[in-house]
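To be precise, the following lines are start_21.cif, and they hold mmCIF, C-alpha atoms and all ligand atoms.
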data_entry
loop_
_atom_site.label_atom_id
_atom_site.label_comp_id
_atom_site.auth_asym_id
_atom_site.auth_seq_id
_atom_site.Cartn_x
_atom_site.Cartn_y
_atom_site.Cartn_z
CA MET G 1481 111.54 118.67 -205.49
CA SER G 1482 114.52 116.48 -204.83
CA VAL G 1483 117.26 116.48 -207.42
CA ARG G 1484 119.12 113.60 -205.77
CA PRO G 1485 119.51 110.53 -207.92
CA ILE G 1486 117.06 107.75 -207.26
CA PRO G 1487 119.84 105.19 -206.60
CA GLU G 1488 120.45 106.98 -203.29
CA ARG G 1489 116.84 106.36 -202.30
CA ASP G 1490 117.17 102.76 -203.41
CA ALA G 1491 120.29 102.41 -201.29
CA ASN G 1492 118.50 103.84 -198.25
CA ARG G 1493 115.62 101.44 -198.76
CA ALA G 1494 117.91 98.47 -199.30
CA ARG G 1495 119.68 99.20 -195.99
CA MET G 1496 116.37 99.49 -194.17
CA GLU G 1497 115.01 96.33 -195.82
CA ALA G 1498 118.07 94.38 -194.72
CA ALA G 1499 117.87 95.61 -191.12
CA ILE G 1500 114.12 94.99 -190.91
CA GLY G 1501 114.52 91.58 -192.52
CA ALA G 1502 117.10 90.58 -189.92
CA ALA G 1503 114.80 91.66 -187.08
CA TRP G 1504 111.64 90.30 -188.66
CA PRO G 1505 110.95 87.23 -186.48
CA GLU G 1506 111.20 89.46 -183.39
CA LEU G 1507 109.02 92.18 -184.91
CA GLU G 1508 106.33 89.69 -185.93
CA ALA G 1509 106.33 88.20 -182.45
CA PHE G 1510 106.08 91.70 -180.98
CA ALA G 1511 103.04 92.60 -183.13
CA LEU G 1512 101.29 89.34 -182.22
CA ASP G 1513 102.06 89.78 -178.53
CA LEU G 1514 100.49 93.26 -178.46
CA HIS G 1515 97.52 91.86 -180.36
CA ALA G 1516 97.07 89.11 -177.79
CA HIS G 1517 97.05 91.63 -174.92
CA PRO G 1518 94.78 94.49 -176.02
CA GLU G 1519 94.49 97.45 -173.67
CA LEU G 1520 92.03 100.35 -173.73
CA ALA G 1521 92.82 104.03 -174.11
CA PHE G 1522 95.01 105.43 -171.29
CA GLU G 1523 95.36 101.91 -169.84
CA GLU G 1524 98.02 100.68 -172.27
CA ARG G 1525 100.55 99.92 -169.52
CA ARG G 1526 101.77 96.56 -170.74
CA SER G 1527 101.96 97.67 -174.38
CA ALA G 1528 103.81 100.89 -173.53
CA ALA G 1529 106.22 99.01 -171.25
CA ALA G 1530 106.94 96.47 -174.01
CA LEU G 1531 107.72 99.26 -176.48
CA VAL G 1532 109.88 101.11 -173.97
CA ALA G 1533 111.86 97.95 -173.18
CA ALA G 1534 112.36 97.15 -176.86
CA LEU G 1535 113.50 100.69 -177.66
CA GLU G 1536 115.86 100.81 -174.69
CA GLY G 1537 117.22 97.46 -175.80
CA ALA G 1538 117.88 98.98 -179.22
CA GLY G 1539 119.91 101.83 -177.71
CA PHE G 1540 117.29 104.58 -177.43
CA GLU G 1541 117.03 106.84 -174.41
CA VAL G 1542 113.44 106.76 -173.26
CA GLU G 1543 111.43 109.22 -171.20
CA VAL G 1544 108.42 107.42 -169.76
CA GLY G 1545 105.25 109.34 -168.90
CA ALA G 1546 105.88 112.06 -171.49
CA GLY G 1547 103.52 115.01 -171.36
CA GLY G 1548 102.19 113.86 -168.00
CA LEU G 1549 100.45 110.81 -169.49
CA ASP G 1550 101.41 107.54 -167.77
CA THR G 1551 101.33 105.46 -170.95
CA ALA G 1552 103.06 107.99 -173.21
CA PHE G 1553 106.81 107.99 -173.89
CA VAL G 1554 109.46 109.63 -176.01
CA ALA G 1555 112.42 107.55 -177.18
CA ARG G 1556 115.41 109.42 -178.65
CA HIS G 1557 118.53 108.71 -180.60
CA ARG G 1558 120.82 111.47 -181.82
CA PHE G 1559 122.88 110.69 -184.90
CA GLY G 1560 124.91 113.89 -184.59
CA PRO G 1561 124.68 117.64 -184.00
CA GLY G 1562 122.23 119.73 -186.02
CA GLY G 1563 120.04 118.17 -188.67
CA PRO G 1564 116.32 117.42 -188.58
CA ARG G 1565 114.35 116.03 -185.67
CA LEU G 1566 111.98 113.36 -186.98
CA ALA G 1567 109.31 111.51 -185.04
CA LEU G 1568 107.82 108.10 -185.70
CA LEU G 1569 104.43 107.91 -184.00
CA ALA G 1570 103.29 104.75 -182.23
CA GLU G 1571 99.67 104.09 -181.26
CA TYR G 1572 98.87 101.01 -179.17
CA ASP G 1573 95.38 101.31 -177.71
CA ALA G 1574 92.62 98.84 -178.54
CA LEU G 1575 88.82 98.91 -178.57
CA PRO G 1576 86.30 97.72 -175.96
CA GLN G 1577 85.13 94.15 -176.68
CA LEU G 1578 86.86 94.06 -180.08
CA GLY G 1579 90.54 94.12 -179.10
CA HIS G 1580 92.95 95.36 -181.78
CA ALA G 1581 90.20 96.00 -184.32
CA CYS G 1582 91.94 99.17 -185.50
CA GLY G 1583 95.29 97.39 -185.90
CA HIS G 1584 97.24 99.67 -183.57
CA ASN G 1585 99.46 96.71 -182.68
CA LEU G 1586 100.76 97.02 -186.26
CA ILE G 1587 101.19 100.80 -185.99
CA ALA G 1588 103.28 100.41 -182.83
CA THR G 1589 105.39 97.61 -184.29
CA ALA G 1590 106.06 99.56 -187.50
CA ALA G 1591 107.33 102.52 -185.47
CA LEU G 1592 109.53 100.20 -183.41
CA GLY G 1593 110.84 98.30 -186.43
CA ALA G 1594 111.58 101.44 -188.43
CA ALA G 1595 113.29 103.07 -185.45
CA ARG G 1596 115.51 100.04 -184.85
CA ALA G 1597 116.47 99.87 -188.51
CA LEU G 1598 117.30 103.58 -188.69
CA ARG G 1599 119.30 103.43 -185.46
CA SER G 1600 121.37 100.47 -186.59
CA ALA G 1601 121.70 100.96 -190.35
CA LEU G 1602 121.37 104.62 -191.29
CA ALA G 1603 124.63 106.36 -192.15
CA ALA G 1604 123.76 109.85 -190.88
CA ASP G 1605 125.95 112.22 -188.92
CA ALA G 1606 123.31 114.79 -188.00
CA GLY G 1607 119.78 114.84 -186.74
CA GLU G 1608 117.68 113.20 -184.09
CA LEU G 1609 115.18 110.36 -184.30
CA LEU G 1610 112.26 110.19 -181.90
CA VAL G 1611 109.63 107.55 -181.33
CA ILE G 1612 106.67 109.19 -179.66
CA GLY G 1613 104.39 106.75 -177.86
CA CYS G 1614 100.90 108.19 -178.27
CA PRO G 1615 98.21 106.73 -176.00
CA ALA G 1616 94.46 106.82 -176.43
CA GLU G 1617 93.89 107.47 -180.12
CA GLU G 1618 90.46 105.85 -179.78
CA GLY G 1619 88.46 108.74 -178.38
CA GLY G 1620 90.99 109.95 -175.83
CA GLY G 1621 92.82 112.44 -178.05
CA GLY G 1622 96.21 111.42 -176.67
CA LYS G 1623 98.13 113.31 -179.34
CA ILE G 1624 96.19 116.50 -178.61
CA LEU G 1625 97.21 116.23 -174.96
CA LEU G 1626 100.83 115.56 -175.94
CA LEU G 1627 100.77 118.55 -178.31
CA GLU G 1628 99.41 120.79 -175.56
CA ALA G 1629 102.13 119.52 -173.21
CA GLY G 1630 104.83 120.50 -175.72
CA VAL G 1631 105.96 116.96 -176.55
CA PHE G 1632 106.03 117.75 -180.30
CA ALA G 1633 108.02 120.98 -179.87
CA GLY G 1634 110.95 121.17 -182.27
CA VAL G 1635 109.83 118.14 -184.32
CA ASP G 1636 110.34 118.78 -188.05
CA ALA G 1637 108.17 115.96 -189.36
CA ALA G 1638 106.03 113.13 -187.97
CA LEU G 1639 105.45 109.81 -189.69
CA MET G 1640 103.16 106.89 -189.01
CA PHE G 1641 101.08 104.41 -190.94
CA HIS G 1642 97.64 102.93 -190.38
CA PRO G 1643 96.44 99.53 -191.59
CA GLY G 1644 93.34 99.71 -193.77
CA ALA G 1645 91.36 98.25 -196.66
CA ARG G 1646 93.11 100.19 -199.42
CA THR G 1647 96.74 101.17 -199.85
CA MET G 1648 96.70 104.94 -200.23
CA THR G 1649 99.02 107.64 -199.05
CA ILE G 1650 97.05 110.84 -199.59
CA ARG G 1651 93.95 110.70 -197.51
CA GLY G 1652 92.33 113.43 -195.38
CA ALA G 1653 90.23 113.00 -192.25
CA LEU G 1654 87.43 115.02 -190.77
CA ALA G 1655 87.55 117.67 -188.11
CA ALA G 1656 85.28 116.69 -185.24
CA THR G 1657 83.91 117.80 -181.93
CA ARG G 1658 82.04 115.83 -179.26
CA ILE G 1659 79.24 117.32 -177.21
CA THR G 1660 77.50 115.80 -174.21
CA MET G 1661 74.06 117.41 -173.75
CA ARG G 1662 72.29 117.39 -170.41
CA PHE G 1663 68.60 118.19 -170.03
CA TYR G 1664 67.17 118.87 -166.58
CA GLY G 1665 63.40 118.67 -166.01
CA LYS G 1666 61.23 117.81 -163.03
CA ALA G 1667 60.04 114.38 -161.91
CA ALA G 1668 56.38 113.71 -161.32
CA HIS G 1669 53.99 110.75 -161.39
CA ALA G 1670 53.55 110.24 -165.11
CA ALA G 1671 49.85 109.31 -164.80
CA GLY G 1672 48.80 110.76 -161.45
CA ALA G 1673 50.32 114.24 -161.71
CA PRO G 1674 51.90 114.80 -165.16
CA GLU G 1675 50.98 118.49 -164.99
CA LEU G 1676 53.61 118.88 -162.25
CA GLY G 1677 56.44 117.37 -164.33
CA ILE G 1678 58.91 118.75 -166.83
CA ASN G 1679 59.92 116.05 -169.29
CA ALA G 1680 63.66 116.14 -169.91
CA LEU G 1681 63.40 113.22 -172.35
CA ASP G 1682 61.04 115.25 -174.54
CA ALA G 1683 63.66 118.00 -174.72
CA CYS G 1684 66.19 115.39 -175.76
CA ILE G 1685 63.93 113.88 -178.45
CA LEU G 1686 63.04 117.35 -179.77
CA THR G 1687 66.77 118.02 -180.05
CA PHE G 1688 67.19 114.99 -182.30
CA ASN G 1689 64.24 116.13 -184.43
CA ALA G 1690 65.56 119.68 -184.69
CA ILE G 1691 68.98 118.36 -185.73
CA ASN G 1692 67.32 116.13 -188.32
CA ALA G 1693 65.58 119.23 -189.69
CA LEU G 1694 69.00 120.84 -190.08
CA ARG G 1695 70.31 118.07 -192.29
CA GLN G 1696 68.77 119.36 -195.51
CA HIS G 1697 70.54 122.67 -194.98
CA VAL G 1698 74.12 121.73 -194.20
CA LYS G 1699 77.10 121.41 -196.51
CA ASP G 1700 78.00 118.13 -198.16
CA GLU G 1701 80.13 115.77 -196.11
CA THR G 1702 78.66 116.98 -192.84
CA ARG G 1703 78.25 114.24 -190.27
CA ILE G 1704 76.14 114.77 -187.14
CA HIS G 1705 75.44 111.63 -185.18
CA GLY G 1706 74.27 111.03 -181.66
CA ILE G 1707 72.81 108.69 -179.09
CA ILE G 1708 70.58 109.09 -176.06
CA SER G 1709 72.83 108.01 -173.22
CA HIS G 1710 70.20 108.54 -170.51
CA GLY G 1711 66.47 108.62 -171.19
CA GLY G 1712 64.81 108.34 -167.78
CA SER G 1713 64.54 105.69 -165.13
CA ALA G 1714 60.98 104.29 -165.31
CA PRO G 1715 58.00 104.79 -167.61
CA ASN G 1716 55.76 105.89 -164.73
CA ILE G 1717 58.09 108.75 -163.75
CA VAL G 1718 58.32 111.90 -165.84
CA PRO G 1719 62.04 111.89 -166.73
CA GLU G 1720 63.78 114.59 -164.74
CA TYR G 1721 67.09 114.04 -166.49
CA ALA G 1722 68.06 113.07 -170.02
CA GLU G 1723 71.42 113.03 -171.71
CA ALA G 1724 72.60 112.79 -175.32
CA LYS G 1725 76.05 112.51 -176.84
CA PHE G 1726 76.76 113.91 -180.29
CA LEU G 1727 79.65 114.04 -182.70
CA ILE G 1728 79.78 116.79 -185.32
CA ARG G 1729 82.19 116.40 -188.22
CA HIS G 1730 83.16 118.07 -191.44
CA ARG G 1731 86.21 118.37 -193.64
CA ARG G 1732 86.97 121.80 -192.20
CA SER G 1733 87.28 122.92 -188.57
CA GLU G 1734 85.56 126.25 -189.31
CA GLU G 1735 82.52 124.39 -190.59
CA VAL G 1736 82.44 122.22 -187.46
CA ALA G 1737 82.54 125.39 -185.34
CA ALA G 1738 79.58 126.85 -187.27
CA LEU G 1739 77.62 123.57 -187.06
CA ARG G 1740 78.30 123.38 -183.34
CA GLU G 1741 76.46 126.69 -182.85
CA ARG G 1742 73.46 125.43 -184.83
CA VAL G 1743 73.35 122.12 -182.95
CA LEU G 1744 73.52 123.89 -179.60
CA ALA G 1745 70.78 126.29 -180.72
CA ALA G 1746 68.62 123.25 -181.56
CA ALA G 1747 69.19 121.84 -178.08
CA ARG G 1748 68.50 125.14 -176.36
CA GLY G 1749 65.32 125.60 -178.36
CA ALA G 1750 64.18 122.08 -177.58
CA ALA G 1751 64.80 122.58 -173.88
CA ALA G 1752 62.92 125.91 -173.95
CA ALA G 1753 59.98 124.26 -175.70
CA VAL G 1754 59.30 121.98 -172.72
CA GLY G 1755 60.66 124.20 -169.95
CA ALA G 1756 63.74 122.11 -169.28
CA ARG G 1757 67.17 123.44 -168.46
CA PHE G 1758 70.05 122.69 -170.85
CA GLU G 1759 73.75 122.29 -170.14
CA PHE G 1760 76.52 120.78 -172.18
CA ASP G 1761 80.18 119.94 -172.09
CA GLU G 1762 82.59 119.32 -174.87
CA GLY G 1763 85.41 116.90 -175.51
CA LEU G 1764 88.64 117.68 -177.32
CA ALA G 1765 88.24 119.28 -180.74
CA TYR G 1766 89.85 117.17 -183.49
CA SER G 1767 91.32 119.06 -186.42
CA GLU G 1768 91.07 117.97 -190.04
CA ARG G 1769 94.04 116.06 -191.37
CA LYS G 1770 96.54 117.80 -193.58
CA VAL G 1771 98.66 115.44 -195.67
CA ASN G 1772 102.17 116.52 -196.54
CA VAL G 1773 102.25 115.62 -200.22
CA PRO G 1774 106.01 115.37 -200.90
CA LEU G 1775 106.39 113.15 -197.85
CA ALA G 1776 103.35 111.04 -198.76
CA ASN G 1777 104.66 110.67 -202.31
CA ARG G 1778 108.02 109.49 -201.05
CA PHE G 1779 106.32 106.91 -198.82
CA ALA G 1780 104.28 105.80 -201.87
CA GLU G 1781 107.45 105.45 -203.92
CA HIS G 1782 108.96 103.17 -201.27
CA LEU G 1783 105.79 101.07 -201.17
CA GLU G 1784 105.62 100.71 -204.94
CA ALA G 1785 109.29 99.77 -205.09
CA GLN G 1786 108.35 96.82 -202.86
CA GLY G 1787 105.62 95.82 -205.31
CA GLU G 1788 102.65 97.32 -203.46
CA PRO G 1789 100.52 99.49 -205.79
CA VAL G 1790 99.26 102.74 -204.27
CA LYS G 1791 95.71 103.82 -205.08
CA ALA G 1792 94.00 107.18 -205.00
CA ALA G 1793 91.59 107.76 -202.12
CA PRO G 1794 87.86 107.55 -202.91
CA ALA G 1795 86.48 110.98 -203.85
CA VAL G 1796 83.91 111.09 -201.06
CA GLY G 1797 83.05 109.25 -197.89
CA GLY G 1798 84.77 106.57 -195.90
CA VAL G 1799 86.58 108.94 -193.56
CA GLY G 1800 86.59 109.36 -189.82
CA SER G 1801 88.59 111.59 -187.52
CA SER G 1802 91.80 111.20 -185.57
CA ASP G 1803 93.92 113.14 -183.12
CA PHE G 1804 96.63 112.90 -185.78
CA GLY G 1805 94.78 115.78 -187.51
CA ASN G 1806 95.89 118.16 -184.77
CA VAL G 1807 99.52 117.07 -185.21
CA SER G 1808 99.27 117.57 -188.97
CA GLN G 1809 98.14 121.17 -188.50
CA VAL G 1810 101.30 122.17 -186.62
CA LEU G 1811 104.04 120.21 -188.42
CA PRO G 1812 104.54 118.27 -191.66
CA ALA G 1813 103.13 114.79 -191.17
CA ILE G 1814 101.88 111.68 -192.96
CA HIS G 1815 99.31 109.03 -192.04
CA PRO G 1816 99.27 106.69 -195.06
CA TYR G 1817 97.27 103.45 -195.20
CA VAL G 1818 98.47 99.99 -196.16
CA ALA G 1819 95.82 97.39 -196.97
CA ILE G 1820 95.52 94.35 -194.70
CA VAL G 1821 91.87 93.51 -195.56
CA PRO G 1822 89.90 93.53 -198.83
CA GLU G 1823 88.00 96.71 -199.68
CA GLY G 1824 84.59 96.66 -198.07
CA VAL G 1825 85.90 95.36 -194.73
CA SER G 1826 85.78 98.13 -192.15
CA ALA G 1827 88.07 98.85 -189.23
CA HIS G 1828 86.46 98.47 -185.79
CA THR G 1829 85.03 95.06 -186.67
CA PRO G 1830 85.91 91.52 -185.54
CA ASP G 1831 87.16 90.77 -189.09
CA PHE G 1832 89.61 93.65 -188.90
CA ALA G 1833 90.80 92.53 -185.47
CA ALA G 1834 91.51 89.07 -186.91
CA ALA G 1835 93.34 90.61 -189.87
CA ALA G 1836 95.64 92.56 -187.53
CA ALA G 1837 97.19 89.22 -186.47
CA SER G 1838 96.93 87.44 -189.84
CA PRO G 1839 99.52 86.81 -192.57
CA ALA G 1840 97.93 89.70 -194.52
CA GLY G 1841 98.33 91.96 -191.50
CA LEU G 1842 101.96 90.98 -191.05
CA ARG G 1843 102.61 91.46 -194.76
CA GLY G 1844 101.18 95.00 -194.56
CA LEU G 1845 103.25 95.60 -191.44
CA ARG G 1846 106.47 94.68 -193.22
CA LEU G 1847 105.71 96.86 -196.26
CA ALA G 1848 104.84 99.80 -194.01
CA THR G 1849 107.84 99.35 -191.73
CA VAL G 1850 110.25 99.41 -194.66
CA ALA G 1851 108.49 102.40 -196.27
CA LEU G 1852 108.50 104.32 -192.98
CA ALA G 1853 112.18 103.62 -192.36
CA ALA G 1854 113.19 104.43 -195.94
CA THR G 1855 111.16 107.67 -196.00
CA ALA G 1856 112.70 108.78 -192.72
CA ALA G 1857 116.15 107.81 -194.01
CA ASP G 1858 115.60 110.01 -197.07
CA LEU G 1859 114.54 112.89 -194.84
CA PHE G 1860 117.76 112.56 -192.85
CA THR G 1861 119.97 112.36 -195.93
CA GLU G 1862 118.24 114.66 -198.48
CA PRO G 1863 118.08 118.36 -197.62
CA GLU G 1864 116.10 118.91 -200.85
CA LEU G 1865 113.34 116.62 -199.63
CA ARG G 1866 113.21 118.44 -196.30
CA GLU G 1867 112.87 121.75 -198.16
CA ALA G 1868 110.06 120.39 -200.34
CA VAL G 1869 108.27 119.04 -197.25
CA ARG G 1870 108.57 122.36 -195.42
CA ALA G 1871 107.46 124.36 -198.50
CA ASP G 1872 104.37 122.18 -198.96
CA PHE G 1873 103.47 122.60 -195.30
CA GLU G 1874 103.82 126.40 -195.45
CA ALA G 1875 101.88 126.64 -198.72
CA THR G 1876 98.93 124.60 -197.50
CA ARG G 1877 98.92 126.47 -194.20
CA THR G 1878 98.47 129.84 -195.90
CA ALA G 1879 95.93 128.41 -198.33
CA GLY G 1880 94.11 126.69 -195.48
CA GLY G 1881 94.00 123.58 -197.61
CA THR G 1882 93.52 120.01 -196.59
CA THR G 1883 94.40 117.18 -198.85
ZN ZN H 1 90.16 103.25 -184.71
ZN ZN H 2 93.20 103.53 -185.62
#

Could you show the structure in this file as structure tokens?
Amino acid sequence: MSVRPIPERDANRARMEAAIGAAWPELEAFALDLHAHPELAFEERRSAAALVAALEGAGFEVEVGAGGLDTAFVARHRFGPGGPRLALLAEYDALPQLGHACGHNLIATAALGAARALRSALAADAGELLVIGCPAEEGGGGKILLLEAGVFAGVDAALMFHPGARTMTIRGALAATRITMRFYGKAAHAAGAPELGINALDACILTFNAINALRQHVKDETRIHGIISHGGSAPNIVPEYAEAKFLIRHRRSEEVAALRERVLAAARGAAAAVGARFEFDEGLAYSERKVNVPLANRFAEHLEAQGEPVKAAPAVGGVGSSDFGNVSQVLPAIHPYVAIVPEGVSAHTPDFAAAAASPAGLRGLRLATVALAATAADLFTEPELREAVRADFEATRTAGGTT
């Protein structure tokens, strides 16, 4: 652990607080502007352009279209030769119908605000600061695509925050995989010649029943949830095609891989039972989230120093999945939460969307922006913290642990 005196951390935070305070009216306006112009995954052109312009204006060199994704970017500033390469991650996609109901306008603005503060007020003579613009967190797996394209190569640590209902810095997320199931039968007149038909919808319904029979015999914290996305075209036609979409999640990727086999076996068996043919395709596999504890603790310290108490995460439940999990498996990373709504209010709701542009949302944004900037500043200036962060990452990798 760090042996540096705490006054140095306080000095870093005070510098960041001053810089962020000076830019605050602009940052608030930026967050509200993104909120007023929500864009869906992979279509975040206006939001990405606004971030790119703001970062260029602050002296960053920006590569637009990073990793081959139109709405991704990497902004860079080098303080000096050598030193760590740190990335602040910005998300800026919104949700269909609901707008910024996951508060990604605040995530993007925090990355921008922290980057500006570090660029202008950090006294560092080594290291490089990146802002990585990550499209399509909501179902598109943008960070997975950026990882595969090598955009995170050479990054020593990645930091972001997410608005939530509880301020907490150590919080896992589930590994997940998405499967689209396709059942092919044979159409026939449902009353006049049913003996000639093969009912693809029956195969689909049997799949749901077989999966429900699995539920008693899976590990705790398994989540398997699906919908029928196509169930036939008319009640007097034996459905020749049916389609279901499923998500399978668990705290550990290996468990998701094992469950995937059982779910596919259920679908194959159901198709065989009625004589239908089964095919499937799979979306990107999301890894479980690994929290870097020394880094999360430092972020917590900078929140508490601003008067925001940090709580422990609930023991079970309340977790989803994110493409951030894949990032956290390959480099030290944190994804802490800062409360902008009371506990019991969920993200992906109209209430959360309203909160992302409310005084409570902007308060959370300011706390998070300062904590992000101060934590990154400490990483640049404290070799001991970087060592602790690296050691924690290596230890949890060999232990296969997820916090
Ligand atoms: Zn979301
Ligand atoms: Zn989100």

Sort by chain and increasing residue number a table of all residues of chain G within 8 Å of ligand ZN 2 (chain H), each with its closest pair of atoms and their distance in Å to one decimal, counting all atoms listed in the file, and write it as CSV.
residue,atom,partner,partner_atom,distance
G:Glu1571,CA,H:ZN2,ZN,7.8
G:Cys1582,CA,H:ZN2,ZN,4.5
G:Gly1583,CA,H:ZN2,ZN,6.5
G:His1584,CA,H:ZN2,ZN,6.0
G:Glu1617,CA,H:ZN2,ZN,6.8
G:Glu1618,CA,H:ZN2,ZN,6.9
G:His1642,CA,H:ZN2,ZN,6.5
G:Pro1643,CA,H:ZN2,ZN,7.9
G:Ser1802,CA,H:ZN2,ZN,7.8
G:Ala1827,CA,H:ZN2,ZN,7.8

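We find atom CA of Ala1606 of chain G and atom CA of Arg1556 of chain G to be spaced 13.4 Å apart.
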
Neighbourhood of ligand ZN 1 (chain H) at 12 Å, counting only C-alpha atoms and all ligand atoms, reported as a PDB file with C-alpha atoms, in the coordinates of the input:
ATOM      1  CA  LEU G1520      92.030 100.350-173.730  1.00  0.00           C
ATOM      2  CA  ALA G1521      92.820 104.030-174.110  1.00  0.00           C
ATOM      3  CA  GLU G1571      99.670 104.090-181.260  1.00  0.00           C
ATOM      4  CA  TYR G1572      98.870 101.010-179.170  1.00  0.00           C
ATOM      5  CA  ASP G1573      95.380 101.310-177.710  1.00  0.00           C
ATOM      6  CA  ALA G1574      92.620  98.840-178.540  1.00  0.00           C
ATOM      7  CA  LEU G1575      88.820  98.910-178.570  1.00  0.00           C
ATOM      8  CA  PRO G1576      86.300  97.720-175.960  1.00  0.00           C
ATOM      9  CA  LEU G1578      86.860  94.060-180.080  1.00  0.00           C
ATOM     10  CA  GLY G1579      90.540  94.120-179.100  1.00  0.00           C
ATOM     11  CA  HIS G1580      92.950  95.360-181.780  1.00  0.00           C
ATOM     12  CA  ALA G1581      90.200  96.000-184.320  1.00  0.00           C
ATOM     13  CA  CYS G1582      91.940  99.170-185.500  1.00  0.00           C
ATOM     14  CA  GLY G1583      95.290  97.390-185.900  1.00  0.00           C
ATOM     15  CA  HIS G1584      97.240  99.670-183.570  1.00  0.00           C
ATOM     16  CA  ASN G1585      99.460  96.710-182.680  1.00  0.00           C
ATOM     17  CA  ILE G1587     101.190 100.800-185.990  1.00  0.00           C
ATOM     18  CA  ALA G1616      94.460 106.820-176.430  1.00  0.00           C
ATOM     19  CA  GLU G1617      93.890 107.470-180.120  1.00  0.00           C
ATOM     20  CA  GLU G1618      90.460 105.850-179.780  1.00  0.00           C
ATOM     21  CA  GLY G1619      88.460 108.740-178.380  1.00  0.00           C
ATOM     22  CA  GLY G1620      90.990 109.950-175.830  1.00  0.00           C
ATOM     23  CA  GLY G1621      92.820 112.440-178.050  1.00  0.00           C
ATOM     24  CA  HIS G1642      97.640 102.930-190.380  1.00  0.00           C
ATOM     25  CA  PRO G1643      96.440  99.530-191.590  1.00  0.00           C
ATOM     26  CA  GLY G1644      93.340  99.710-193.770  1.00  0.00           C
ATOM     27  CA  VAL G1799      86.580 108.940-193.560  1.00  0.00           C
ATOM     28  CA  GLY G1800      86.590 109.360-189.820  1.00  0.00           C
ATOM     29  CA  SER G1801      88.590 111.590-187.520  1.00  0.00           C
ATOM     30  CA  SER G1802      91.800 111.200-185.570  1.00  0.00           C
ATOM     31  CA  ASP G1803      93.920 113.140-183.120  1.00  0.00           C
ATOM     32  CA  PHE G1804      96.630 112.900-185.780  1.00  0.00           C
ATOM     33  CA  SER G1826      85.780  98.130-192.150  1.00  0.00           C
ATOM     34  CA  ALA G1827      88.070  98.850-189.230  1.00  0.00           C
ATOM     35  CA  HIS G1828      86.460  98.470-185.790  1.00  0.00           C
ATOM     36  CA  THR G1829      85.030  95.060-186.670  1.00  0.00           C
ATOM     37  CA  PHE G1832      89.610  93.650-188.900  1.00  0.00           C
ATOM     38  CA  ALA G1833      90.800  92.530-185.470  1.00  0.00           C
TER      39      ALA G1833
END

- Message: Using all atoms listed in the file, list the residues that have an atom at most 12 Å from (95.2, 114.2, -174.6), coordinates as in the file, as an NGL selection string.
- Response: :G and (1521-1522 or 1546-1552 or 1614-1631 or 1763-1766 or 1802-1804 or 1806-1807)

- Residues at most 7 Å from Ile1820 of chain G, counting all atoms listed in the file, excluding those fewer than 2 positions away in the same chain, as a list in words? Pro1643, Gly1644, Ala1645, Val1818, Ala1835, Ala1840, Gly1841 and Gly1844 of chain G

- Minimum-distance residue to Glu1506 of chain G, chosen among G:Lys1725, G:His1669, G:Arg1732, G:Arg1596 (using all atoms listed in the file): G:Arg1596

- Query: What is the distance between atom CA of His1515 of chain G and atom CA of Ala1529 of chain G, in Å to one decimal?
  - Reply: 14.5 Å

- Query: Restricting the calculation to only C-alpha atoms, which member of G:Ala1752, G:Ala1875, G:Leu1535, G:Ala1724 is positioned closest to Ser1709 of chain G?
  - Reply: G:Ala1724

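The shortest atom-to-atom distance to Gly1787 of chain G, with all atoms listed in the file taken into account, belongs to G:Ala1851 out of G:Gly1711, G:Gln1809, G:Ala1511, G:Ala1851.
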
Write out as AutoDock Vina command-line options an axis-aligned box for segment 1648-1654 of chain G: all of its atoms listed in the file, 6 Å added on each side, centre and edge lengths in Å with one decimal.
--center_x 93.2 --center_y 110.0 --center_z -195.5 --size_x 23.6 --size_y 22.1 --size_z 21.5

- What separation in Å, quoted to one decimal, exists between atom CA of Pro1863 of chain G and atom CA of Asp1636 of chain G? 12.3 Å

- Item | Pick from G:Leu1847, G:Ala1670, G:Ala1751, G:Ala1494 nearest to Gln1786 of chain G, counting all atoms listed in the file |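 Closest candidate: G:Leu1847.
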
- Task: Please tell me which residues are no farther than 9 Å from (111.1, 95.6, -195.6) in the file, counting only C-alpha atoms, and write them as a PyMOL selection string.
- Result: chain G and resi 1493-1494+1496-1501+1504+1786+1845-1851+1853
